[in-house]
file final.txt (compact mmCIF, N, CA and C atoms)
# COMPACT_ATOMS: atom_id res chain seq x y z
N LEU A 23 18.74 -25.74 19.06
CA LEU A 23 17.84 -24.61 18.94
C LEU A 23 16.52 -24.90 19.64
N GLY A 24 15.97 -26.08 19.50
CA GLY A 24 14.74 -26.44 20.19
C GLY A 24 13.50 -25.74 19.66
N ALA A 25 13.49 -25.35 18.39
CA ALA A 25 12.33 -24.66 17.84
C ALA A 25 11.66 -25.53 16.79
N LEU A 26 10.34 -25.45 16.72
CA LEU A 26 9.57 -26.13 15.70
C LEU A 26 8.87 -25.08 14.86
N MET A 27 8.64 -25.37 13.60
CA MET A 27 7.92 -24.43 12.77
C MET A 27 6.72 -25.13 12.16
N SER A 28 5.61 -24.45 12.09
CA SER A 28 4.39 -24.94 11.47
C SER A 28 3.78 -23.77 10.73
N GLY A 29 2.96 -24.03 9.77
CA GLY A 29 2.33 -22.94 9.05
C GLY A 29 0.84 -23.15 8.91
N SER A 30 0.10 -22.08 8.85
CA SER A 30 -1.34 -22.15 8.66
C SER A 30 -1.78 -20.84 8.03
N GLY A 31 -2.15 -20.88 6.76
CA GLY A 31 -2.57 -19.65 6.11
C GLY A 31 -1.44 -18.65 6.06
N PRO A 32 -1.71 -17.38 6.45
CA PRO A 32 -0.71 -16.34 6.32
C PRO A 32 0.21 -16.21 7.52
N SER A 33 0.34 -17.23 8.32
CA SER A 33 1.15 -17.11 9.52
C SER A 33 2.15 -18.24 9.64
N VAL A 34 3.24 -17.94 10.28
CA VAL A 34 4.23 -18.95 10.64
C VAL A 34 4.29 -18.95 12.15
N PHE A 35 4.30 -20.12 12.77
CA PHE A 35 4.32 -20.20 14.22
C PHE A 35 5.67 -20.72 14.65
N GLY A 36 6.25 -20.11 15.63
CA GLY A 36 7.52 -20.58 16.16
C GLY A 36 7.34 -20.99 17.61
N ILE A 37 7.83 -22.14 17.97
CA ILE A 37 7.77 -22.57 19.37
C ILE A 37 9.16 -22.39 19.94
N PHE A 38 9.30 -21.44 20.85
CA PHE A 38 10.57 -21.15 21.47
C PHE A 38 10.45 -21.34 22.97
N GLU A 39 11.54 -21.22 23.65
CA GLU A 39 11.53 -21.42 25.09
C GLU A 39 10.61 -20.44 25.81
N ASN A 40 10.49 -19.23 25.28
CA ASN A 40 9.58 -18.25 25.89
C ASN A 40 9.24 -17.17 24.87
N GLU A 41 8.20 -16.42 25.16
CA GLU A 41 7.73 -15.40 24.22
C GLU A 41 8.67 -14.21 24.13
N ASN A 42 9.60 -14.07 25.05
CA ASN A 42 10.54 -12.95 25.00
C ASN A 42 11.46 -13.01 23.79
N ASP A 43 11.67 -14.20 23.21
CA ASP A 43 12.49 -14.30 22.00
C ASP A 43 11.91 -13.43 20.89
N GLN A 44 10.61 -13.49 20.73
CA GLN A 44 9.96 -12.69 19.70
C GLN A 44 10.04 -11.20 20.05
N ILE A 45 9.73 -10.85 21.28
CA ILE A 45 9.77 -9.45 21.70
C ILE A 45 11.17 -8.87 21.54
N ASN A 46 12.18 -9.61 21.98
CA ASN A 46 13.56 -9.12 21.87
C ASN A 46 14.00 -8.94 20.43
N ALA A 47 13.54 -9.82 19.53
CA ALA A 47 13.90 -9.69 18.11
C ALA A 47 13.32 -8.40 17.54
N TYR A 48 12.06 -8.11 17.84
CA TYR A 48 11.46 -6.88 17.34
C TYR A 48 12.19 -5.65 17.89
N LYS A 49 12.51 -5.67 19.17
CA LYS A 49 13.21 -4.53 19.77
C LYS A 49 14.61 -4.36 19.18
N ALA A 50 15.34 -5.46 18.97
CA ALA A 50 16.69 -5.38 18.41
C ALA A 50 16.68 -4.79 17.01
N LEU A 51 15.62 -5.05 16.26
CA LEU A 51 15.51 -4.54 14.89
C LEU A 51 14.76 -3.21 14.83
N ASN A 52 14.37 -2.70 16.01
CA ASN A 52 13.63 -1.44 16.09
C ASN A 52 12.35 -1.47 15.24
N ILE A 53 11.60 -2.54 15.40
CA ILE A 53 10.35 -2.73 14.65
C ILE A 53 9.19 -2.63 15.63
N HIS A 54 8.22 -1.80 15.29
CA HIS A 54 7.01 -1.68 16.11
C HIS A 54 6.23 -2.99 16.04
N TYR A 55 5.69 -3.42 17.16
CA TYR A 55 4.88 -4.63 17.18
C TYR A 55 3.69 -4.45 18.10
N GLU A 56 2.66 -5.24 17.86
CA GLU A 56 1.48 -5.27 18.70
C GLU A 56 1.06 -6.72 18.84
N PHE A 57 0.51 -7.06 19.99
CA PHE A 57 -0.04 -8.39 20.18
C PHE A 57 -1.55 -8.30 20.11
N GLU A 58 -2.16 -9.21 19.39
CA GLU A 58 -3.61 -9.24 19.34
C GLU A 58 -4.07 -10.70 19.30
N PRO A 59 -5.18 -10.98 19.97
CA PRO A 59 -5.67 -12.35 19.98
C PRO A 59 -6.17 -12.76 18.59
N ILE A 60 -6.04 -14.04 18.30
CA ILE A 60 -6.52 -14.56 17.01
C ILE A 60 -7.64 -15.54 17.25
N ARG A 61 -8.33 -15.91 16.19
CA ARG A 61 -9.40 -16.88 16.33
C ARG A 61 -8.83 -18.22 16.76
N GLY A 62 -9.64 -19.09 17.27
CA GLY A 62 -9.16 -20.31 17.91
C GLY A 62 -8.92 -21.50 17.02
N GLY A 63 -9.08 -21.42 15.71
CA GLY A 63 -8.98 -22.62 14.89
C GLY A 63 -7.63 -22.88 14.25
N THR A 64 -6.64 -22.03 14.45
CA THR A 64 -5.35 -22.20 13.79
C THR A 64 -4.47 -23.20 14.52
N ASP A 65 -3.47 -23.70 13.83
CA ASP A 65 -2.50 -24.60 14.46
C ASP A 65 -1.90 -23.96 15.71
N GLY A 66 -1.52 -22.71 15.60
CA GLY A 66 -0.87 -22.02 16.71
C GLY A 66 -1.78 -21.91 17.93
N ALA A 67 -3.07 -21.63 17.71
CA ALA A 67 -3.99 -21.54 18.84
C ALA A 67 -4.12 -22.89 19.53
N GLN A 68 -4.17 -23.95 18.76
CA GLN A 68 -4.28 -25.28 19.35
C GLN A 68 -3.01 -25.64 20.13
N LEU A 69 -1.85 -25.33 19.58
CA LEU A 69 -0.60 -25.63 20.27
C LEU A 69 -0.47 -24.80 21.55
N THR A 70 -0.87 -23.53 21.50
CA THR A 70 -0.82 -22.68 22.69
C THR A 70 -1.74 -23.24 23.77
N PHE A 71 -2.93 -23.69 23.36
CA PHE A 71 -3.87 -24.29 24.31
C PHE A 71 -3.26 -25.50 25.00
N MET A 72 -2.40 -26.24 24.29
CA MET A 72 -1.75 -27.43 24.86
C MET A 72 -0.51 -27.08 25.68
N GLY A 73 -0.19 -25.78 25.80
CA GLY A 73 0.91 -25.37 26.65
C GLY A 73 2.20 -25.02 25.94
N PHE A 74 2.17 -24.96 24.60
CA PHE A 74 3.35 -24.58 23.82
C PHE A 74 3.13 -23.16 23.28
N PRO A 75 3.81 -22.14 23.83
CA PRO A 75 3.62 -20.78 23.32
C PRO A 75 3.96 -20.71 21.83
N THR A 76 3.04 -20.20 21.03
CA THR A 76 3.25 -20.14 19.58
C THR A 76 2.87 -18.76 19.05
N PRO A 77 3.82 -17.83 19.04
CA PRO A 77 3.51 -16.50 18.52
C PRO A 77 3.24 -16.53 17.03
N ASN A 78 2.23 -15.80 16.60
CA ASN A 78 1.96 -15.66 15.17
C ASN A 78 2.91 -14.63 14.60
N ILE A 79 3.53 -14.96 13.51
CA ILE A 79 4.42 -14.04 12.82
C ILE A 79 3.94 -13.96 11.38
N ALA A 80 3.40 -12.83 11.00
CA ALA A 80 2.86 -12.68 9.64
C ALA A 80 3.94 -12.95 8.61
N THR A 81 3.55 -13.43 7.45
CA THR A 81 4.52 -13.74 6.40
C THR A 81 4.48 -12.74 5.25
N GLY A 82 3.59 -11.75 5.32
CA GLY A 82 3.54 -10.73 4.29
C GLY A 82 2.57 -11.03 3.17
N ASP A 83 1.74 -12.06 3.33
CA ASP A 83 0.77 -12.33 2.27
C ASP A 83 -0.63 -11.93 2.72
N TYR A 84 -1.44 -11.57 1.77
CA TYR A 84 -2.77 -11.01 2.03
C TYR A 84 -3.79 -11.65 1.10
N ASN A 85 -5.05 -11.61 1.54
CA ASN A 85 -6.17 -12.13 0.74
C ASN A 85 -5.92 -13.57 0.30
N CYS A 86 -5.43 -14.38 1.22
CA CYS A 86 -5.03 -15.75 0.89
C CYS A 86 -6.17 -16.55 0.26
N HIS A 87 -5.81 -17.30 -0.74
CA HIS A 87 -6.72 -18.19 -1.46
C HIS A 87 -7.82 -17.44 -2.19
N GLY A 88 -7.64 -16.15 -2.37
CA GLY A 88 -8.64 -15.36 -3.06
C GLY A 88 -8.12 -14.82 -4.37
N ARG A 89 -9.00 -14.19 -5.09
CA ARG A 89 -8.68 -13.64 -6.41
C ARG A 89 -7.61 -12.55 -6.35
N PHE A 90 -7.57 -11.83 -5.22
CA PHE A 90 -6.64 -10.72 -5.09
C PHE A 90 -5.49 -11.04 -4.13
N GLU A 91 -5.12 -12.30 -4.05
CA GLU A 91 -4.01 -12.71 -3.19
C GLU A 91 -2.70 -12.09 -3.69
N TYR A 92 -1.89 -11.63 -2.73
CA TYR A 92 -0.59 -11.07 -3.10
C TYR A 92 0.37 -11.18 -1.92
N VAL A 93 1.66 -11.00 -2.21
CA VAL A 93 2.69 -11.02 -1.19
C VAL A 93 3.41 -9.68 -1.21
N ASP A 94 3.56 -9.09 -0.05
CA ASP A 94 4.33 -7.86 0.09
C ASP A 94 5.77 -8.29 0.35
N VAL A 95 6.63 -8.12 -0.64
CA VAL A 95 8.00 -8.62 -0.58
C VAL A 95 8.77 -7.96 0.57
N GLU A 96 8.57 -6.67 0.77
CA GLU A 96 9.28 -5.99 1.87
C GLU A 96 8.88 -6.57 3.22
N GLU A 97 7.60 -6.88 3.41
CA GLU A 97 7.17 -7.48 4.67
C GLU A 97 7.76 -8.88 4.83
N SER A 98 7.81 -9.64 3.76
CA SER A 98 8.39 -10.98 3.81
C SER A 98 9.87 -10.91 4.19
N GLU A 99 10.59 -9.96 3.64
CA GLU A 99 12.01 -9.78 3.98
C GLU A 99 12.17 -9.38 5.45
N THR A 100 11.26 -8.56 5.95
CA THR A 100 11.31 -8.16 7.36
C THR A 100 11.08 -9.36 8.26
N VAL A 101 10.15 -10.23 7.88
CA VAL A 101 9.88 -11.43 8.67
C VAL A 101 11.13 -12.31 8.73
N ILE A 102 11.84 -12.42 7.63
CA ILE A 102 13.08 -13.21 7.62
C ILE A 102 14.08 -12.62 8.62
N LYS A 103 14.21 -11.29 8.63
CA LYS A 103 15.11 -10.64 9.58
C LYS A 103 14.71 -10.92 11.02
N ILE A 104 13.40 -10.89 11.29
CA ILE A 104 12.90 -11.16 12.64
C ILE A 104 13.23 -12.59 13.06
N LEU A 105 12.96 -13.55 12.18
CA LEU A 105 13.24 -14.95 12.50
C LEU A 105 14.73 -15.19 12.71
N LEU A 106 15.56 -14.60 11.88
CA LEU A 106 17.01 -14.74 12.06
C LEU A 106 17.45 -14.15 13.38
N GLU A 107 16.88 -13.03 13.76
CA GLU A 107 17.23 -12.40 15.04
C GLU A 107 16.79 -13.28 16.20
N MET A 108 15.63 -13.94 16.06
CA MET A 108 15.13 -14.80 17.11
C MET A 108 16.03 -16.01 17.35
N VAL A 109 16.59 -16.56 16.29
CA VAL A 109 17.42 -17.75 16.46
C VAL A 109 18.91 -17.43 16.66
N LYS A 110 19.27 -16.18 16.40
CA LYS A 110 20.67 -15.77 16.52
C LYS A 110 21.19 -15.93 17.94
N THR A 111 20.35 -15.74 18.91
CA THR A 111 20.79 -15.82 20.30
C THR A 111 20.78 -17.23 20.85
N LYS A 112 20.38 -18.20 20.05
CA LYS A 112 20.30 -19.60 20.53
C LYS A 112 21.62 -20.31 20.41
call {"tool": "encode", "arguments": {"input": "final.txt", "output": "structure tokens"}}
result
Amino acid sequence: LGALMSGSGPSVFGIFENENDQINAYKALNIHYEFEPIRGGTDGAQLTFMGFPTPNIATGDYNCHGRFEYVDVEESETVIKILLEMVKTK
């Protein structure tokens, strides 16, 4: 498979051969997606800076480490489907 996983806060980072794995997974599942830049202090930003593409994939949790922290179960289940779709073609 050649993929590594790391986590930082509410995100999971996947290192794949190219960013099209993520795009193709969203399209195959008919899920709307947007790309947006993130702040530079996360594991994924550091790995991307070193030349390893690391797309952020939300895990469905919000208000991390705060009083109102919660997990949206439906979003978490969707993330599992996306990750399975990404590795299915490997």
call {"tool": "atom_distance", "arguments": {"input": "final.txt", "atom1": "atom N of Asp83 (chain A)", "atom2": "atom C of Lys103 (chain A)"}}
result
15.1 Å
call {"tool": "residues_around", "arguments": {"input": "final.txt", "residues": "Val95 (chain A)", "least_positions_apart": "6", "cutoff": "8 Å", "atoms": "all atoms listed in the file", "output": "short mmCIF file (atom, residue, chain, number, x, y, z; two decimals) with N, CA and C atoms, keeping the file's coordinate frame"}}
result
data_model
loop_
_atom_site.label_atom_id
_atom_site.label_comp_id
_atom_site.auth_asym_id
_atom_site.auth_seq_id
_atom_site.Cartn_x
_atom_site.Cartn_y
_atom_site.Cartn_z
N THR A 81 3.55 -13.43 7.45
CA THR A 81 4.52 -13.74 6.40
C THR A 81 4.48 -12.74 5.25
N GLY A 82 3.59 -11.75 5.32
CA GLY A 82 3.54 -10.73 4.29
C GLY A 82 2.57 -11.03 3.17
N ASP A 83 1.74 -12.06 3.33
CA ASP A 83 0.77 -12.33 2.27
C ASP A 83 -0.63 -11.93 2.72
N VAL A 101 10.15 -10.23 7.88
CA VAL A 101 9.88 -11.43 8.67
C VAL A 101 11.13 -12.31 8.73
#
call {"tool": "atom_distance", "arguments": {"input": "final.txt", "atom1": "CA of Val93 (chain A)", "atom2": "CA of Leu106 (chain A)"}}
result
19.9 Å
call {"tool": "closest_residue", "arguments": {"input": "final.txt", "among": "A:Gly88, A:Met72, A:Ala67, A:Ile104", "to": "Asn46 (chain A)", "atoms": "only C-alpha atoms"}}
result
A:Ile104
call {"tool": "atom_distance", "arguments": {"input": "final.txt", "atom1": "CA of Glu97 (chain A)", "atom2": "CA of Ala80 (chain A)"}}
result
8.4 Å
call {"tool": "axis_aligned_box", "arguments": {"input": "final.txt", "around": "region 78-92 of chain A", "padding_each_side": "6 Å", "output": "lines of an AutoDock Vina configuration file"}}
result
center_x = -2.2
center_y = -14.5
center_z = 5.1
size_x = 25.5
size_y = 19.5
size_z = 35.0
call {"tool": "select_by_dssp", "arguments": {"input": "final.txt", "residues": "region 45-105 of chain A", "states": "strand (DSSP E or B)", "output": "PyMOL selection string"}}
result
chain A and resi 78-80+83-84+92-93
call {"tool": "closest_residue", "arguments": {"input": "final.txt", "among": "A:Glu91, A:Asp65, A:Glu99, A:Glu107", "to": "Tyr48 (chain A)", "atoms": "only C-alpha atoms"}}
result
A:Glu107
